[in-house]
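Structure record follows, encoded as structure tokens.
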Amino acid sequence: MSAGDEKHERRAERRAALAFLVAAAAAVGLGFVYAGGGNPQAEGLLLAVALGGIGVGLVIWANKLLPQGPVEEQREDLPTTEEEREAFEEDLRGAGLVKRRTLLARTLGLAVLALGGAAVFPIRSLGPSPGKSLKKTAWKPGMKLVDEHDKEVKADTLSVGESITVFPEGHTKDADTQAVMVRVAENQLHPSEERHEWSPEGLLVYSKVCTHAGCPVGLYQVDTHQLICPCHQSAFNVLEEAKPVFGPATRKLPQLPIEVGENGELTATGDFSEPVGPAFWNLG
């Protein structure tokens, strides 16, 4: 390679490195703009500069610094000296080539790293992780049962065959805590051993959120002892732990364990038996 060619390559290398540095600076600026509250116009401009800088640098690298071909050389004999063979082997191994391109590799890596870092910032726009919030509600042991007006519900509020919507005291606005309480004759109940104490005096409390699509299960059919969802007509038998007996729902309504205290006061003894709402919420 002649001195002129080497000088030309070094100039091209500096231009490509400069393009990568500009891209890196624009990516860092993009991150700061987004973190500071965002500005669509500025973000669009900085993103364009970042991507454009990387593109320009790669184009210069490809057109000016990589071997161009095809190359033909007319020659007759191929006698070579020892020095020429050594020089050829050195070129074949790429000696010097990597060294000359170290600057480009580093500046390109810096630009890509900065752009990747800026791309991480929008993740915060997704909001906080739901964590276990879909698996738990505000119901806790000792919480009183109240109606939608936050008025206390007692054991004698309902007669056999009646129903009412209840909430944990102080949480009447929480949709996932809403439950429907029905009263049946005690001799009709045959609970499992685990749920033997959950329905005192024939009072049963189940989540009002349908396990199919999340609609409110608000209709109680006395003669069949079924809670019915008006959206897709899923029906749940309250005498059989609210298992679905009709419609698209495939999962039982979670039951809320309750107890009767002094003066007929009703309180929860824990959260619902299972996560409330559509079954797909619980996948994974």
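Naming works like this for the structure tokens: A, B, ... for the chains as they're shown, residue 1 at the start of each chain, ligands 1 onward in shown order.
Counting only C-alpha atoms, Glu194 of chain A has the following residues at most 12 Å away, ignoring those fewer than 5 positions along the same chain: Ser199, Glu241, Gln255, Pro257 and Ser273 of chain A.
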Item to check | alpha helix (DSSP H) call set, DSSP backbone run, segment 30-261 of chain A, as a ChimeraX atom specification | outcome: /A:30-35,40-60,82-93,97-120
Checklist entry - If you count only C-alpha atoms, which residues fall within 12 Å of segment 32-48 of chain A, apart from same-chain ones fewer than 2 positions away, as a list in words? => result Val22, Ala23, Ala24, Ala25, Ala26, Ala27, Val28, Gly29, Leu30, Ala50, Leu51, Gly52, Gly53, Ile54, Gly55, Val56, Ala111, Ala114, Leu115, Gly116, Gly117, Ala118, Ala119, Val120, Phe121, Pro122, Ile123, Arg124 and Ser125 of chain A
Dump as an mmCIF file, in the first residue's frame, selection limited to N, CA and C atoms:
```cif
data_model
loop_
_atom_site.group_PDB
_atom_site.id
_atom_site.type_symbol
_atom_site.label_atom_id
_atom_site.label_comp_id
_atom_site.auth_asym_id
_atom_site.auth_seq_id
_atom_site.Cartn_x
_atom_site.Cartn_y
_atom_site.Cartn_z
ATOM 1 N N VAL A 22 -20.811 10.858 16.776
ATOM 2 C CA VAL A 22 -22.004 11.704 16.687
ATOM 3 C C VAL A 22 -23.250 10.883 17.010
ATOM 4 N N ALA A 23 -23.306 9.661 16.494
ATOM 5 C CA ALA A 23 -24.439 8.785 16.782
ATOM 6 C C ALA A 23 -24.531 8.491 18.275
ATOM 7 N N ALA A 24 -23.383 8.237 18.904
ATOM 8 C CA ALA A 24 -23.377 7.964 20.339
ATOM 9 C C ALA A 24 -23.864 9.166 21.133
ATOM 10 N N ALA A 25 -23.382 10.350 20.766
ATOM 11 C CA ALA A 25 -23.802 11.567 21.465
ATOM 12 C C ALA A 25 -25.299 11.796 21.310
ATOM 13 N N ALA A 26 -25.823 11.557 20.108
ATOM 14 C CA ALA A 26 -27.253 11.738 19.878
ATOM 15 C C ALA A 26 -28.070 10.739 20.696
ATOM 16 N N ALA A 27 -27.575 9.503 20.808
ATOM 17 C CA ALA A 27 -28.280 8.491 21.592
ATOM 18 C C ALA A 27 -28.307 8.855 23.072
ATOM 19 N N VAL A 28 -27.187 9.369 23.578
ATOM 20 C CA VAL A 28 -27.147 9.814 24.976
ATOM 21 C C VAL A 28 -28.121 10.973 25.181
ATOM 22 N N GLY A 29 -28.116 11.900 24.228
ATOM 23 C CA GLY A 29 -29.057 13.018 24.315
ATOM 24 C C GLY A 29 -30.497 12.550 24.288
ATOM 25 N N LEU A 30 -30.777 11.529 23.489
ATOM 26 C CA LEU A 30 -32.130 10.970 23.424
ATOM 27 C C LEU A 30 -32.555 10.430 24.784
ATOM 28 N N ALA A 50 -28.888 9.592 15.520
ATOM 29 C CA ALA A 50 -28.201 8.406 16.031
ATOM 30 C C ALA A 50 -28.167 7.291 14.987
ATOM 31 N N LEU A 51 -29.311 6.993 14.418
ATOM 32 C CA LEU A 51 -29.358 5.927 13.407
ATOM 33 C C LEU A 51 -28.617 6.342 12.139
ATOM 34 N N GLY A 52 -28.770 7.620 11.761
ATOM 35 C CA GLY A 52 -28.076 8.109 10.574
ATOM 36 C C GLY A 52 -26.573 8.077 10.736
ATOM 37 N N GLY A 53 -26.085 8.433 11.949
ATOM 38 C CA GLY A 53 -24.644 8.410 12.191
ATOM 39 C C GLY A 53 -24.079 7.012 12.069
ATOM 40 N N ILE A 54 -24.784 6.054 12.626
ATOM 41 C CA ILE A 54 -24.327 4.662 12.503
ATOM 42 C C ILE A 54 -24.336 4.236 11.041
ATOM 43 N N GLY A 55 -25.390 4.629 10.321
ATOM 44 C CA GLY A 55 -25.475 4.268 8.905
ATOM 45 C C GLY A 55 -24.359 4.880 8.083
ATOM 46 N N VAL A 56 -24.084 6.171 8.303
ATOM 47 C CA VAL A 56 -23.014 6.850 7.555
ATOM 48 C C VAL A 56 -21.669 6.207 7.848
ATOM 49 N N ALA A 111 -21.452 3.690 19.947
ATOM 50 C CA ALA A 111 -22.705 4.199 19.388
ATOM 51 C C ALA A 111 -23.853 3.218 19.618
ATOM 52 N N ALA A 114 -24.755 3.128 23.366
ATOM 53 C CA ALA A 114 -25.497 4.322 23.783
ATOM 54 C C ALA A 114 -26.933 4.277 23.276
ATOM 55 N N LEU A 115 -27.118 3.832 22.018
ATOM 56 C CA LEU A 115 -28.465 3.737 21.476
ATOM 57 C C LEU A 115 -29.274 2.675 22.209
ATOM 58 N N GLY A 116 -28.632 1.560 22.535
ATOM 59 C CA GLY A 116 -29.329 0.535 23.295
ATOM 60 C C GLY A 116 -29.711 1.012 24.682
ATOM 61 N N GLY A 117 -28.823 1.794 25.298
ATOM 62 C CA GLY A 117 -29.140 2.354 26.612
ATOM 63 C C GLY A 117 -30.307 3.305 26.556
ATOM 64 N N ALA A 118 -30.360 4.134 25.497
ATOM 65 C CA ALA A 118 -31.483 5.066 25.348
ATOM 66 C C ALA A 118 -32.793 4.311 25.139
ATOM 67 N N ALA A 119 -32.710 3.158 24.475
ATOM 68 C CA ALA A 119 -33.929 2.390 24.216
ATOM 69 C C ALA A 119 -34.491 1.769 25.488
ATOM 70 N N VAL A 120 -33.666 1.674 26.537
ATOM 71 C CA VAL A 120 -34.139 1.083 27.787
ATOM 72 C C VAL A 120 -35.095 2.021 28.523
ATOM 73 N N PHE A 121 -34.901 3.337 28.353
ATOM 74 C CA PHE A 121 -35.707 4.302 29.093
ATOM 75 C C PHE A 121 -37.215 4.135 28.883
ATOM 76 N N PRO A 122 -37.690 3.902 27.641
ATOM 77 C CA PRO A 122 -39.155 3.779 27.465
ATOM 78 C C PRO A 122 -39.791 2.640 28.243
ATOM 79 N N ILE A 123 -38.987 1.725 28.769
ATOM 80 C CA ILE A 123 -39.564 0.619 29.543
ATOM 81 C C ILE A 123 -40.337 1.148 30.732
ATOM 82 N N ARG A 124 -39.895 2.297 31.262
ATOM 83 C CA ARG A 124 -40.589 2.830 32.428
ATOM 84 C C ARG A 124 -42.002 3.277 32.090
ATOM 85 N N SER A 125 -42.257 3.519 30.790
ATOM 86 C CA SER A 125 -43.602 3.929 30.386
ATOM 87 C C SER A 125 -44.611 2.801 30.538
#
```
Next on the checklist: Ranking A:Cys231, A:Val222, A:Val260, A:Val276 by minimum distance to Trp198 of chain A and counting only C-alpha atoms, which one comes first?
Outcome noted: A:Val260
Next on the checklist: I need the residues in segment 24-193 of chain A that are strand (DSSP E or B) according to DSSP; give them as a list in words.
Outcome noted: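 Across segment 24-193 of chain A, those assigned strand (DSSP E or B) are Lys144, Leu145, Val146, Glu152, Lys154, Ser163, Ile164, Thr165, Val166, Phe167, Pro168, Ala179, Val180, Met181, Val182 and Arg183 of chain A.
Atom CA of Ala138 of chain A is positioned 27.3 Å from atom CA of Leu189 of chain A.
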Next on the checklist: Report as a ChimeraX atom specification all protein, DNA and RNA residues lying within 12 Å of Ile164 of chain A, evaluated on only C-alpha atoms, omitting residues in the same chain fewer than 3 positions from it.
Outcome noted: /A:145-148,153-155,157-161,167,178-183,203-208,217-220,227
Store the residues picked out above in a file with N, CA and C atoms, as a tab-separated table (two decimals), in the first residue's frame.
```
chain	number	residue	atom	x	y	z
A	145	LEU	N	-67.53	-6.93	56.67
A	145	LEU	CA	-68.27	-6.93	55.41
A	145	LEU	C	-69.21	-5.73	55.42
A	146	VAL	N	-69.15	-4.91	54.35
A	146	VAL	CA	-70.03	-3.74	54.23
A	146	VAL	C	-70.69	-3.75	52.86
A	147	ASP	N	-71.75	-2.93	52.71
A	147	ASP	CA	-72.40	-2.81	51.40
A	147	ASP	C	-71.74	-1.70	50.60
A	148	GLU	N	-72.33	-1.36	49.44
A	148	GLU	CA	-71.72	-0.36	48.56
A	148	GLU	C	-71.68	1.03	49.18
A	153	VAL	N	-72.69	-4.92	57.15
A	153	VAL	CA	-73.64	-5.99	56.85
A	153	VAL	C	-73.53	-7.02	57.96
A	154	LYS	N	-74.67	-7.42	58.51
A	154	LYS	CA	-74.67	-8.38	59.60
A	154	LYS	C	-75.32	-9.70	59.19
A	155	ALA	N	-75.24	-10.65	60.06
A	155	ALA	CA	-75.75	-11.99	59.75
A	155	ALA	C	-77.24	-11.98	59.49
A	157	THR	N	-78.91	-9.63	58.07
A	157	THR	CA	-79.27	-8.75	56.95
A	157	THR	C	-80.04	-9.51	55.88
A	158	LEU	N	-79.70	-10.78	55.69
A	158	LEU	CA	-80.33	-11.58	54.64
A	158	LEU	C	-81.22	-12.67	55.23
A	159	SER	N	-82.29	-12.94	54.50
A	159	SER	CA	-83.11	-14.11	54.78
A	159	SER	C	-82.73	-15.19	53.77
A	160	VAL	N	-83.17	-16.42	54.01
A	160	VAL	CA	-82.87	-17.51	53.08
A	160	VAL	C	-83.40	-17.16	51.69
A	161	GLY	N	-82.53	-17.31	50.68
A	161	GLY	CA	-82.92	-17.02	49.30
A	161	GLY	C	-82.55	-15.62	48.84
A	167	PHE	N	-68.41	-5.72	50.32
A	167	PHE	CA	-67.03	-5.29	50.12
A	167	PHE	C	-66.30	-5.32	51.47
A	178	GLN	N	-65.09	-6.92	45.27
A	178	GLN	CA	-66.53	-7.08	45.35
A	178	GLN	C	-66.92	-8.56	45.39
A	179	ALA	N	-67.88	-8.87	46.22
A	179	ALA	CA	-68.32	-10.25	46.39
A	179	ALA	C	-69.84	-10.26	46.53
A	180	VAL	N	-70.42	-11.41	46.27
A	180	VAL	CA	-71.86	-11.56	46.43
A	180	VAL	C	-72.10	-12.57	47.55
A	181	MET	N	-72.94	-12.16	48.51
A	181	MET	CA	-73.27	-13.03	49.63
A	181	MET	C	-74.70	-13.51	49.49
A	182	VAL	N	-74.90	-14.80	49.61
A	182	VAL	CA	-76.23	-15.38	49.53
A	182	VAL	C	-76.48	-16.18	50.81
A	183	ARG	N	-77.77	-16.37	51.11
A	183	ARG	CA	-78.12	-17.18	52.28
A	183	ARG	C	-78.96	-18.36	51.83
A	203	LEU	N	-74.54	-18.68	55.29
A	203	LEU	CA	-74.09	-17.50	54.54
A	203	LEU	C	-72.86	-17.86	53.69
A	204	LEU	N	-73.01	-17.69	52.40
A	204	LEU	CA	-71.95	-18.01	51.44
A	204	LEU	C	-71.51	-16.73	50.75
A	205	VAL	N	-70.21	-16.52	50.66
A	205	VAL	CA	-69.68	-15.33	49.99
A	205	VAL	C	-68.72	-15.76	48.90
A	206	TYR	N	-69.01	-15.33	47.67
A	206	TYR	CA	-68.17	-15.65	46.52
A	206	TYR	C	-67.77	-14.39	45.79
A	207	SER	N	-66.63	-14.44	45.11
A	207	SER	CA	-66.20	-13.30	44.30
A	207	SER	C	-67.27	-12.99	43.26
A	208	LYS	N	-67.49	-11.71	43.03
A	208	LYS	CA	-68.51	-11.30	42.06
A	208	LYS	C	-67.91	-11.16	40.66
A	217	VAL	N	-70.91	-11.01	38.41
A	217	VAL	CA	-71.91	-12.08	38.57
A	217	VAL	C	-72.93	-11.58	39.59
A	218	GLY	N	-73.99	-10.96	39.11
A	218	GLY	CA	-74.91	-10.29	40.02
A	218	GLY	C	-76.30	-10.87	40.13
A	219	LEU	N	-76.61	-11.93	39.40
A	219	LEU	CA	-77.96	-12.49	39.42
A	219	LEU	C	-77.98	-13.80	40.20
A	220	TYR	N	-78.89	-13.91	41.18
A	220	TYR	CA	-79.00	-15.14	41.97
A	220	TYR	C	-80.35	-15.78	41.71
A	227	LEU	N	-75.62	-18.66	40.77
A	227	LEU	CA	-75.24	-17.29	40.47
A	227	LEU	C	-74.99	-17.24	38.97
```
Residues of segment 135-213 of chain A that approach segment 247-252 of chain A to 9 Å or less, counting only C-alpha atoms: could you list each one with the shortest pair of atoms and its distance in Å to one decimal, rows by chain and increasing residue number, as a tab-separated table?
```
residue	atom	partner	partner_atom	distance
A:Cys210	CA	A:Ala249	CA	7.7
A:Thr211	CA	A:Ala249	CA	6.0
A:His212	CA	A:Ala249	CA	4.6
A:Ala213	CA	A:Ala249	CA	8.2
```
For the residues in that selection, give me N, CA and C atoms as a PDB file, in the first residue's frame.
```pdb
ATOM      1  N   CYS A 210     -66.613 -12.600  37.389  1.00  0.00           N
ATOM      2  CA  CYS A 210     -66.733 -13.860  36.654  1.00  0.00           C
ATOM      3  C   CYS A 210     -65.366 -14.371  36.221  1.00  0.00           C
ATOM      4  N   THR A 211     -65.178 -15.677  36.324  1.00  0.00           N
ATOM      5  CA  THR A 211     -63.899 -16.276  35.953  1.00  0.00           C
ATOM      6  C   THR A 211     -63.748 -16.469  34.448  1.00  0.00           C
ATOM      7  N   HIS A 212     -64.753 -16.072  33.683  1.00  0.00           N
ATOM      8  CA  HIS A 212     -64.653 -16.178  32.232  1.00  0.00           C
ATOM      9  C   HIS A 212     -64.084 -14.901  31.618  1.00  0.00           C
ATOM     10  N   ALA A 213     -64.786 -13.777  31.781  1.00  0.00           N
ATOM     11  CA  ALA A 213     -64.334 -12.525  31.166  1.00  0.00           C
ATOM     12  C   ALA A 213     -64.333 -11.352  32.136  1.00  0.00           C
TER      13      ALA A 213
END
```
Item to check | Neighbour list for Val209 of chain A as an NGL selection string, cut-off 7 Å, only C-alpha atoms, skip fewer than 4 positions in-chain | outcome: :A and (176 or 214-217 or 276-277)
Same residues, C-alpha atoms, saved as a CSV table (one decimal), in the first residue's frame:
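Written out: part.csv:
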```csv
chain,number,residue,atom,x,y,z
A,176,ASP,CA,-61.6,-7.0,42.6
A,214,GLY,CA,-64.5,-10.5,34.4
A,215,CYS,CA,-68.1,-9.4,34.2
A,216,PRO,CA,-70.0,-9.0,37.5
A,217,VAL,CA,-71.9,-12.1,38.6
A,276,VAL,CA,-60.2,-13.6,41.3
A,277,GLY,CA,-61.2,-12.9,37.8
```
Checklist entry - In terms of the shortest atom-to-atom distance over only C-alpha atoms, which of A:Glu162, A:Glu13, A:Glu90, A:Glu82 is closest to Leu58 of chain A? => result A:Glu13
Next on the checklist: At a cut-off of 7 Å, using only C-alpha atoms, what residues contact Asn237 of chain A? Leave out same-chain residues fewer than 6 positions from it and give the result as a VMD selection string.
Outcome noted: chain A and resid 225 to 227 243 to 245
